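A.B. asks: run27.pdb is the file, holding PDB, C-alpha atoms:
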ATOM      1  CA  MET A  19     103.103 134.704 111.610
ATOM      2  CA  SER A  20     104.830 137.992 111.113
ATOM      3  CA  VAL A  21     106.522 139.529 108.094
ATOM      4  CA  ALA A  22     109.854 138.969 109.885
ATOM      5  CA  TYR A  23     108.982 135.274 110.286
ATOM      6  CA  LEU A  24     108.175 135.028 106.567
ATOM      7  CA  ARG A  25     111.348 136.882 105.560
ATOM      8  CA  GLY A  26     113.355 134.362 107.596
ATOM      9  CA  ALA A  27     111.565 131.454 105.972
ATOM     10  CA  VAL A  28     112.176 132.839 102.468
ATOM     11  CA  ALA A  29     115.863 133.506 103.276
ATOM     12  CA  ARG A  30     116.276 129.875 104.382
ATOM     13  CA  GLY A  31     114.366 128.607 101.369
ATOM     14  CA  ASP A  32     111.761 127.122 103.708
ATOM     15  CA  LEU A  33     108.894 127.496 101.294
ATOM     16  CA  GLU A  34     106.668 125.134 103.271
ATOM     17  CA  LYS A  35     106.298 127.851 105.888
ATOM     18  CA  VAL A  36     105.306 130.367 103.222
ATOM     19  CA  ILE A  37     102.822 127.955 101.677
ATOM     20  CA  ARG A  38     101.358 127.343 105.124
ATOM     21  CA  PHE A  39     101.036 131.073 105.694
ATOM     22  CA  VAL A  40      99.171 131.531 102.407
ATOM     23  CA  ARG A  41      96.802 128.690 103.231
ATOM     24  CA  LEU A  42      96.212 129.974 106.764
ATOM     25  CA  HIS A  43      95.560 133.482 105.453
ATOM     26  CA  LEU A  44      93.163 132.387 102.735
ATOM     27  CA  GLY A  45      91.528 129.804 104.994
ATOM     28  CA  ASP A  46      91.021 132.218 107.885
ATOM     29  CA  GLY A  47      93.237 130.130 110.132
ATOM     30  CA  ASN A  48      92.452 126.672 108.757
ATOM     31  CA  GLU A  49      95.143 125.218 106.520
ATOM     32  CA  ALA A  50      92.920 122.601 104.902
ATOM     33  CA  VAL A  51      90.260 125.180 104.133
ATOM     34  CA  GLY A  52      92.909 127.541 102.755
ATOM     35  CA  LYS A  53      94.222 124.876 100.399
ATOM     36  CA  ASP A  54      90.692 124.303  99.192
ATOM     37  CA  GLU A  55      90.223 128.044  98.725
ATOM     38  CA  VAL A  56      93.252 128.179  96.422
ATOM     39  CA  ASP A  57      91.887 125.293  94.360
ATOM     40  CA  ARG A  58      88.448 126.852  94.247
ATOM     41  CA  SER A  59      89.647 130.168  92.863
ATOM     42  CA  TRP A  60      91.450 128.357  90.017
ATOM     43  CA  VAL A  61      88.377 126.220  89.334
ATOM     44  CA  GLU A  62      86.269 129.364  89.201
ATOM     45  CA  ALA A  63      88.677 130.922  86.680
ATOM     46  CA  VAL A  64      88.409 127.810  84.477
ATOM     47  CA  LYS A  65      84.617 127.818  84.748
ATOM     48  CA  ILE A  66      84.504 131.442  83.591
ATOM     49  CA  LEU A  67      86.841 130.774  80.668
ATOM     50  CA  LEU A  68      84.693 127.820  79.613
ATOM     51  CA  ARG A  69      82.034 130.382  78.683
ATOM     52  CA  GLU A  70      84.402 131.321  75.829
ATOM     53  CA  GLU A  71      83.477 134.988  75.953
ATOM     54  CA  PRO A  72      85.629 137.678  74.309
ATOM     55  CA  VAL A  73      88.630 138.743  76.380
ATOM     56  CA  ASP A  74      90.605 141.982  76.445
ATOM     57  CA  ARG A  75      94.163 140.785  75.886
ATOM     58  CA  LYS A  76      95.374 144.344  75.311
ATOM     59  CA  PHE A  77      94.214 145.242  78.810
ATOM     60  CA  ILE A  78      96.007 142.211  80.237
ATOM     61  CA  ALA A  79      99.214 143.113  78.412
ATOM     62  CA  GLY A  80      98.990 146.622  79.838
ATOM     63  CA  VAL A  81      98.407 145.319  83.353
ATOM     64  CA  LEU A  82     101.397 142.988  83.105
ATOM     65  CA  GLU A  83     103.627 145.990  82.455
ATOM     66  CA  LYS A  84     102.960 147.167  86.001
ATOM     67  CA  ASP A  85     105.540 146.676  88.762
ATOM     68  CA  GLU A  86     105.845 143.265  90.403
ATOM     69  CA  SER A  87     104.530 144.382  93.790
ATOM     70  CA  THR A  88     101.306 145.682  92.262
ATOM     71  CA  LEU A  89     100.892 142.476  90.259
ATOM     72  CA  ALA A  90     101.548 140.268  93.297
ATOM     73  CA  LEU A  91      98.900 142.117  95.289
ATOM     74  CA  LEU A  92      96.572 141.914  92.298
ATOM     75  CA  LEU A  93      96.835 138.123  92.531
ATOM     76  CA  PHE A  94      95.397 138.223  96.056
ATOM     77  CA  HIS A  95      92.623 140.563  94.916
ATOM     78  CA  LEU A  96      91.817 138.246  92.010
ATOM     79  CA  HIS A  97      91.740 135.284  94.379
ATOM     80  CA  PHE A  98      89.138 136.939  96.613
ATOM     81  CA  TYR A  99      87.209 138.153  93.538
ATOM     82  CA  LEU A 100      87.004 134.621  92.176
ATOM     83  CA  ILE A 101      86.057 133.161  95.551
ATOM     84  CA  ARG A 102      83.225 135.680  95.756
ATOM     85  CA  LYS A 103      82.176 134.694  92.230
ATOM     86  CA  SER A 104      82.162 131.045  93.270
ATOM     87  CA  GLY A 105      79.291 131.798  95.648
ATOM     88  CA  ARG A 106      81.059 130.337  98.665
ATOM     89  CA  TRP A 107      82.401 132.818 101.175
ATOM     90  CA  ILE A 108      84.025 131.511 104.355
ATOM     91  CA  HIS A 109      85.395 134.798 105.608
ATOM     92  CA  ASP A 110      83.868 136.514 108.590
ATOM     93  CA  GLY A 111      83.890 139.998 107.146
ATOM     94  CA  SER A 112      82.828 141.824 104.003
ATOM     95  CA  ARG A 113      81.411 139.687 101.259
TER      96      ARG A 113
ATOM     97  CA  MET B  24      85.143 122.101 116.995
ATOM     98  CA  THR B  25      83.414 123.526 113.955
ATOM     99  CA  ALA B  26      83.098 122.180 110.436
ATOM    100  CA  ALA B  27      85.981 124.394 109.334
ATOM    101  CA  ASP B  28      88.236 123.040 112.118
ATOM    102  CA  SER B  29      87.609 119.453 111.135
ATOM    103  CA  GLY B  30      88.419 120.223 107.530
ATOM    104  CA  ALA B  31      84.857 119.530 106.417
ATOM    105  CA  LEU B  32      83.688 122.438 104.327
ATOM    106  CA  PRO B  33      80.414 124.161 105.105
ATOM    107  CA  THR B  34      77.864 123.934 102.330
ATOM    108  CA  ILE B  35      76.176 127.210 103.208
ATOM    109  CA  ASP B  36      77.439 130.636 104.115
ATOM    110  CA  PRO B  37      78.739 130.364 107.711
ATOM    111  CA  ARG B  38      77.475 133.876 108.412
ATOM    112  CA  GLU B  39      73.946 132.780 107.670
ATOM    113  CA  ALA B  40      74.395 129.422 109.403
ATOM    114  CA  GLY B  41      75.616 131.131 112.563
ATOM    115  CA  THR B  42      78.828 129.088 112.625
ATOM    116  CA  GLN B  43      81.229 131.881 111.766
ATOM    117  CA  LEU B  44      82.890 131.990 115.170
ATOM    118  CA  ARG B  45      85.517 129.274 115.051
ATOM    119  CA  SER B  46      86.437 128.680 118.680
ATOM    120  CA  GLY B  47      89.092 126.148 117.735
ATOM    121  CA  LEU B  48      91.019 128.849 115.923
ATOM    122  CA  TRP B  49      91.677 130.815 119.078
ATOM    123  CA  LYS B  50      92.550 127.784 121.180
ATOM    124  CA  THR B  51      95.271 126.766 118.780
ATOM    125  CA  ILE B  52      96.494 130.098 117.507
ATOM    126  CA  ASN B  53     100.119 129.477 118.468
ATOM    127  CA  GLU B  54     100.114 126.089 116.819
ATOM    128  CA  ARG B  55      98.449 127.368 113.689
ATOM    129  CA  TYR B  56     100.256 130.654 113.459
ATOM    130  CA  PRO B  57     103.822 129.989 114.616
ATOM    131  CA  GLY B  58     105.573 133.292 115.135
ATOM    132  CA  ALA B  59     102.278 135.139 115.388
ATOM    133  CA  MET B  60     102.511 136.153 118.996
ATOM    134  CA  ILE B  61     104.276 139.484 119.224
ATOM    135  CA  ARG B  62     106.315 140.240 122.330
ATOM    136  CA  LYS B  63     107.111 143.796 123.212
ATOM    137  CA  ASP B  64     109.517 144.744 125.973
ATOM    138  CA  SER B  65     109.224 148.518 125.850
ATOM    139  CA  PHE B  66     106.121 150.389 126.894
ATOM    140  CA  VAL B  67     104.982 153.973 126.797
ATOM    141  CA  PRO B  68     103.620 154.870 130.244
ATOM    142  CA  GLN B  69     100.007 155.939 130.304
ATOM    143  CA  ALA B  70      99.546 159.645 130.882
ATOM    144  CA  ARG B  71      97.303 160.881 133.654
ATOM    145  CA  LEU B  72      94.270 162.874 132.574
ATOM    146  CA  ALA B  73      94.966 166.550 133.229
ATOM    147  CA  ASN B  74      91.291 167.543 133.533
ATOM    148  CA  SER B  75      88.031 165.786 134.227
ATOM    149  CA  LEU B  76      86.274 164.059 131.329
ATOM    150  CA  SER B  77      83.689 166.830 131.259
ATOM    151  CA  GLN B  78      86.497 169.247 130.459
ATOM    152  CA  SER B  79      88.374 166.993 128.068
ATOM    153  CA  ARG B  80      88.247 166.462 124.328
ATOM    154  CA  LEU B  81      88.196 162.803 123.366
ATOM    155  CA  VAL B  82      89.410 161.032 120.236
ATOM    156  CA  MET B  83      88.430 157.482 119.284
ATOM    157  CA  ILE B  84      90.933 155.223 117.558
ATOM    158  CA  SER B  85      89.787 151.840 116.338
ATOM    159  CA  SER B  86      91.182 148.827 114.511
ATOM    160  CA  CYS B  87      87.727 147.939 113.205
ATOM    161  CA  GLY B  88      88.136 149.238 109.647
ATOM    162  CA  VAL B  89      85.066 151.491 109.817
ATOM    163  CA  HIS B  90      85.027 154.359 107.359
ATOM    164  CA  LEU B  91      82.729 156.774 105.557
ATOM    165  CA  LYS B  92      80.799 155.120 102.741
ATOM    166  CA  THR B  93      82.188 157.803 100.456
ATOM    167  CA  ASP B  94      85.814 156.886 101.242
ATOM    168  CA  GLU B  95      87.873 154.438  99.224
ATOM    169  CA  PRO B  96      88.114 151.331 101.430
ATOM    170  CA  LEU B  97      91.347 150.076 102.924
ATOM    171  CA  ASP B  98      92.937 147.018 101.320
ATOM    172  CA  VAL B  99      91.574 143.883 102.959
ATOM    173  CA  CYS B 100      93.226 141.528 100.461
ATOM    174  CA  HIS B 101      96.861 142.335 101.205
ATOM    175  CA  PRO B 102      98.345 139.337 103.038
ATOM    176  CA  PHE B 103     100.423 141.559 105.349
ATOM    177  CA  GLY B 104      97.755 144.184 106.046
ATOM    178  CA  ASP B 105      97.148 147.774 105.003
ATOM    179  CA  PHE B 106      99.481 150.308 106.627
ATOM    180  CA  ARG B 107      97.126 153.230 106.146
ATOM    181  CA  PHE B 108      94.388 154.739 108.252
ATOM    182  CA  LEU B 109      91.266 156.727 107.591
ATOM    183  CA  ARG B 110      89.734 159.687 109.375
ATOM    184  CA  VAL B 111      86.111 159.401 110.408
ATOM    185  CA  PRO B 112      84.350 162.694 111.223
ATOM    186  CA  SER B 113      83.196 162.493 114.829
ATOM    187  CA  SER B 114      79.822 163.900 113.749
ATOM    188  CA  ALA B 115      79.158 160.921 111.464
ATOM    189  CA  LYS B 116      76.092 158.735 112.008
ATOM    190  CA  HIS B 117      75.537 155.012 111.605
ATOM    191  CA  GLU B 118      74.075 155.491 108.141
ATOM    192  CA  ASP B 119      77.203 157.355 106.961
ATOM    193  CA  LEU B 120      79.559 154.504 107.846
ATOM    194  CA  ILE B 121      80.520 151.071 106.569
ATOM    195  CA  ILE B 122      82.790 148.276 107.803
ATOM    196  CA  HIS B 123      85.291 146.873 105.350
ATOM    197  CA  GLN B 124      86.995 143.831 106.864
ATOM    198  CA  LEU B 125      87.643 140.156 106.147
ATOM    199  CA  LYS B 126      88.836 138.930 109.500
ATOM    200  CA  TYR B 127      86.022 139.322 111.993
ATOM    201  CA  PRO B 128      82.252 138.891 111.905
ATOM    202  CA  HIS B 129      80.368 142.163 111.784
ATOM    203  CA  ASP B 130      76.785 141.210 111.061
ATOM    204  CA  ASP B 131      75.627 142.820 114.302
ATOM    205  CA  ALA B 132      77.776 145.897 113.778
ATOM    206  CA  ASP B 133      76.300 146.267 110.296
ATOM    207  CA  LEU B 134      72.948 146.725 112.005
ATOM    208  CA  ASP B 135      74.345 149.121 114.614
ATOM    209  CA  ILE B 136      77.837 150.503 114.063
ATOM    210  CA  ASN B 137      77.991 151.484 117.748
ATOM    211  CA  VAL B 138      78.492 147.825 118.635
ATOM    212  CA  ILE B 139      82.091 148.158 117.530
ATOM    213  CA  PHE B 140      82.594 151.871 116.916
ATOM    214  CA  PRO B 141      80.480 153.674 119.529
ATOM    215  CA  ILE B 142      80.471 157.015 117.766
ATOM    216  CA  GLU B 143      76.839 157.905 118.451
ATOM    217  CA  ARG B 144      77.169 156.960 122.113
ATOM    218  CA  LEU B 145      80.109 159.357 122.402
ATOM    219  CA  GLN B 146      78.073 162.086 120.697
ATOM    220  CA  GLU B 147      75.347 161.515 123.300
ATOM    221  CA  LEU B 148      77.862 161.701 126.167
ATOM    222  CA  CYS B 149      78.953 165.076 124.798
ATOM    223  CA  GLU B 150      75.380 166.331 124.633
ATOM    224  CA  GLU B 151      74.864 165.190 128.224
ATOM    225  CA  GLY B 152      78.021 166.995 129.342
ATOM    226  CA  VAL B 153      79.796 163.844 130.475
ATOM    227  CA  LEU B 154      82.483 164.553 127.898
ATOM    228  CA  GLY B 155      83.823 168.012 127.200
ATOM    229  CA  GLY B 156      83.925 167.393 123.487
ATOM    230  CA  LEU B 157      85.077 165.225 120.626
ATOM    231  CA  THR B 158      87.938 165.850 118.268
ATOM    232  CA  PRO B 159      86.799 166.754 114.735
ATOM    233  CA  ASN B 160      87.999 163.373 113.477
ATOM    234  CA  PHE B 161      88.302 159.842 114.785
ATOM    235  CA  PHE B 162      90.728 157.281 113.348
ATOM    236  CA  SER B 163      90.192 153.840 111.889
ATOM    237  CA  PHE B 164      92.483 151.202 110.432
ATOM    238  CA  ILE B 165      92.477 147.476 109.702
ATOM    239  CA  GLY B 166      93.584 145.468 112.708
ATOM    240  CA  TYR B 167      94.868 142.511 110.715
ATOM    241  CA  ASN B 168      98.553 143.227 110.418
ATOM    242  CA  MET B 169     101.635 141.083 109.974
ATOM    243  CA  ASP B 170     104.353 143.643 110.625
ATOM    244  CA  PRO B 171     103.926 145.317 114.020
ATOM    245  CA  ASP B 172     107.248 147.152 113.751
ATOM    246  CA  LYS B 173     106.244 148.772 110.475
ATOM    247  CA  PHE B 174     102.790 149.418 111.891
ATOM    248  CA  GLU B 175     104.315 151.246 114.852
ATOM    249  CA  ARG B 176     106.519 153.355 112.547
ATOM    250  CA  THR B 177     103.711 154.244 110.157
ATOM    251  CA  VAL B 178     100.089 153.968 111.235
ATOM    252  CA  ALA B 179     100.609 154.335 114.984
ATOM    253  CA  ALA B 180     103.113 157.173 114.684
ATOM    254  CA  ASP B 181     101.039 159.059 112.120
ATOM    255  CA  ILE B 182      97.833 158.725 114.121
ATOM    256  CA  ALA B 183      99.604 159.770 117.315
ATOM    257  CA  GLN B 184     101.002 162.842 115.573
ATOM    258  CA  ALA B 185      97.612 163.772 114.127
ATOM    259  CA  VAL B 186      95.892 163.249 117.480
ATOM    260  CA  VAL B 187      98.260 165.639 119.212
ATOM    261  CA  GLU B 188      98.986 168.241 116.545
ATOM    262  CA  LYS B 189      95.775 168.418 114.505
ATOM    263  CA  GLU B 190      92.979 167.033 116.646
ATOM    264  CA  HIS B 191      94.280 168.416 119.958
ATOM    265  CA  ALA B 192      92.861 165.520 121.949
ATOM    266  CA  ASP B 193      93.076 165.375 125.737
ATOM    267  CA  CYS B 194      92.285 161.679 125.948
ATOM    268  CA  ALA B 195      91.740 158.732 123.652
ATOM    269  CA  LEU B 196      89.334 155.814 123.562
ATOM    270  CA  LEU B 197      91.024 152.820 121.943
ATOM    271  CA  ALA B 198      88.439 150.467 120.477
ATOM    272  CA  PRO B 199      89.874 147.159 119.244
ATOM    273  CA  ALA B 200      87.981 144.898 116.868
TER     274      ALA B 200
END
Mind turning this structure into structure tokens?
C.D. replies:
Amino acid sequence: MSVAYLRGAVARGDLEKVIRFVRLHLGDGNEAVGKDEVDRSWVEAVKILLREEPVDRKFIAGVLEKDESTLALLLFHLHFYLIRKSGRWIHDGSR
Amino acid sequence: MTAADSGALPTIDPREAGTQLRSGLWKTINERYPGAMIRKDSFVPQARLANSLSQSRLVMISSCGVHLKTDEPLDVCHPFGDFRFLRVPSSAKHEDLIIHQLKYPHDDADLDINVIFPIERLQELCEEGVLGGLTPNFFSFIGYNMDPDKFERTVAADIAQAVVEKEHADCALLAPA
């Protein structure tokens, strides 16, 4: 998929194509694995919060004042961070 | 077909299990990545080498994502790719370099960077006189990229300009990853 392909899908409101892209990207080419990866990162976030440790809400508020593009990319970084934390790493490259 | 292709999830790290190469992925890339295949109708003709290799200065350009350990890594998490490149001093050694990538296995290259970025082999060819010299810097970027038009306008154009105007290369070795 290319950015042009995704722009076309978004313009047509064909969100299934975008969802598929996200799953393929996160699953390294396997949609089912990618879907599982999304679920796993959320599960990992819940597991961490269950430790009920102190959190820095001021930091979060400051981060959320950043521009949308930075925050959207941050979501992908957080996904990979949480997947690494989960102990399962399917990707071929850097752990 | 691997465990990942069947949807069954591996229970151990595929890098350690030796199952990281997913042959099914490449056989079905068009089906899995509709719109992924990029067609290009215009080509830049290859230039003939003006002098022999022993009188030429060579630059290496690679999509492998290798960079100096001291450099800030390129962004491997961006879903569209990172439209930046890094310079790698041509005098660098294996121990100076690191691979930062998500999309291809590099266990072997971690042991010997020359597997994918043959920088020390090129240094040896210079010492032997096979090559006239190396440019001060080589170039590296992340091959995973979803916008080839933007890539051509940014990374490719900027590297090409640097190769000609700053590195004064006579020829280039393109090393894909």
A.B. asks: When you draw a straight line from CA of Gly47 (chain A) to CA of Ile108 (chain A), how long is it in Å?
C.D. replies: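 Interatomic distance, CA of Gly47 (chain A) to CA of Ile108 (chain A): 11.0 Å.
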A.B. asks: Each residue of region 133-192 of chain B with at least one atom at most 8 Å from region 19-35 of chain A should appear once, together with its nearest atom pair and the corresponding distance in Å (one decimal); atoms considered: all atoms listed in the file; ordering: chain, then increasing residue number; output as a Markdown table.
C.D. replies:
| residue | atom | partner | partner_atom | distance |
| --- | --- | --- | --- | --- |
| B:Met169 | CA | A:Ser20 | CA | 4.6 |
| B:Asp170 | CA | A:Val21 | CA | 5.3 |
| B:Pro171 | CA | A:Ser20 | CA | 7.9 |
A.B. asks: Put those residues in a file: C-alpha atoms, as a short mmCIF file (atom, residue, chain, number, x, y, z; two decimals), in the coordinates of the input.
C.D. replies:
data_model
loop_
_atom_site.label_atom_id
_atom_site.label_comp_id
_atom_site.auth_asym_id
_atom_site.auth_seq_id
_atom_site.Cartn_x
_atom_site.Cartn_y
_atom_site.Cartn_z
CA MET B 169 101.64 141.08 109.97
CA ASP B 170 104.35 143.64 110.62
CA PRO B 171 103.93 145.32 114.02
#
A.B. asks: Could you please determine the separation between CA of Leu91 (chain B) and CA of Leu157 (chain B) in Å, to one decimal place?
C.D. replies: 17.4 Å
A.B. asks: Near region 107-115 of chain B, counting all atoms listed in the file, which residues have an atom at most 7 Å away, once you skip same-chain residues fewer than 3 positions from it, shown as a PyMOL selection string?
C.D. replies: chain B and resi 90-91+119+142+157-164+178
A.B. asks: Hey, what comes out of the PyMOL selection byres ((chain B and resi 117) around 8) on this file? Could you write it as a short mmCIF file (atom, residue, chain, number, x, y, z; two decimals) with C-alpha atoms, in the frame of the given file?
C.D. replies:
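Saved file part.cif follows:
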data_model
loop_
_atom_site.label_atom_id
_atom_site.label_comp_id
_atom_site.auth_asym_id
_atom_site.auth_seq_id
_atom_site.Cartn_x
_atom_site.Cartn_y
_atom_site.Cartn_z
CA ALA B 115 79.16 160.92 111.46
CA LYS B 116 76.09 158.74 112.01
CA GLU B 118 74.08 155.49 108.14
CA ASP B 119 77.20 157.35 106.96
CA LEU B 120 79.56 154.50 107.85
CA ASP B 135 74.34 149.12 114.61
CA ILE B 136 77.84 150.50 114.06
CA ASN B 137 77.99 151.48 117.75
CA GLU B 143 76.84 157.90 118.45
#
A.B. asks: Give me the residues near Glu49 (chain A) as a PDB file with C-alpha atoms, in the frame of the given file, where near means some atom within 9 Å (using all atoms listed in the file) and where sequence neighbours in that chain fewer than 4 positions away do not count.
C.D. replies:
ATOM      1  CA  ARG A  38     101.358 127.343 105.124  1.00  0.00           C
ATOM      2  CA  PHE A  39     101.036 131.073 105.694  1.00  0.00           C
ATOM      3  CA  VAL A  40      99.171 131.531 102.407  1.00  0.00           C
ATOM      4  CA  ARG A  41      96.802 128.690 103.231  1.00  0.00           C
ATOM      5  CA  LEU A  42      96.212 129.974 106.764  1.00  0.00           C
ATOM      6  CA  HIS A  43      95.560 133.482 105.453  1.00  0.00           C
ATOM      7  CA  LEU A  44      93.163 132.387 102.735  1.00  0.00           C
ATOM      8  CA  GLY A  45      91.528 129.804 104.994  1.00  0.00           C
ATOM      9  CA  LYS A  53      94.222 124.876 100.399  1.00  0.00           C
ATOM     10  CA  ASP A  54      90.692 124.303  99.192  1.00  0.00           C
TER      11      ASP A  54
ATOM     12  CA  GLY B  30      88.419 120.223 107.530  1.00  0.00           C
ATOM     13  CA  ARG B  55      98.449 127.368 113.689  1.00  0.00           C
TER      14      ARG B  55
END
A.B. asks: I'd like the neighbourhood of Cys100 (chain B) as an MDAnalysis selection string, where a residue qualifies if any of its atoms comes within 10 Å (using only C-alpha atoms), though same-chain residues fewer than 4 positions away should be ignored.
C.D. replies: (chainID A and resid 43:44 91:99) or (chainID B and resid 104:105 124:125)
A.B. asks: Mind giving me the axis-aligned box for region 82-93 of chain A with 4 Å on every side, centre plus edges in Å to one decimal, as AutoDock Vina command-line options?
C.D. replies:
--center_x 101.2 --center_y 142.6 --center_z 88.9 --size_x 17.3 --size_y 17.0 --size_z 20.8
A.B. asks: So what does the PyMOL selection byres ((chain B and resi 145) around 10) actually pick up in this one, as a VMD selection string?
C.D. replies: chain B and resid 81 to 83 113 to 114 137 140 to 144 146 to 151 153 to 154 156 to 157 196
A.B. asks: Give the answer as one residue: which of A:Asn48, A:Lys65, A:Glu86, A:Val56 has the shortest atom-to-atom distance to chain B, using all atoms listed in the file?
C.D. replies: A:Asn48
A.B. asks: Taking into account all atoms listed in the file, which residue in the set B:Val67, B:Ala132, B:Ile122, B:Ala200 is nearest to chain A?
C.D. replies: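 Ranking B:Val67, B:Ala132, B:Ile122, B:Ala200 by distance to chain A, first place goes to B:Ile122.
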A.B. asks: State, in Å with one decimal place, the distance from CA of Tyr127 (chain B) to CA of Ile101 (chain A).
C.D. replies: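 Taking CA of Tyr127 (chain B) as the start and CA of Ile101 (chain A) as the end point, the length is 17.6 Å.
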A.B. asks: Could you state which residues are captured by the PyMOL selection byres ((chain A and resi 63) around 10) in this file, as a list in words?
C.D. replies: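 Applying the expression gives Arg58, Ser59, Trp60, Val61, Glu62, Val64, Lys65, Ile66, Leu67, Leu68, Leu96, His97, Leu100, Ile101, Lys103 and Ser104 of chain A.
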A.B. asks: For chain B, which of A:Lys76, A:Lys84, A:Arg69, A:Arg106 is the closest residue, counting all atoms listed in the file?
C.D. replies: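 Of the candidates, the smallest distance to chain B is held by A:Arg106.
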A.B. asks: Between A:Val73, A:Gly80, A:Ile37, A:Val51, which one has atoms that come closest to chain B, using all atoms listed in the file?
C.D. replies: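 Closest residue, counting all atoms listed in the file: A:Val51.
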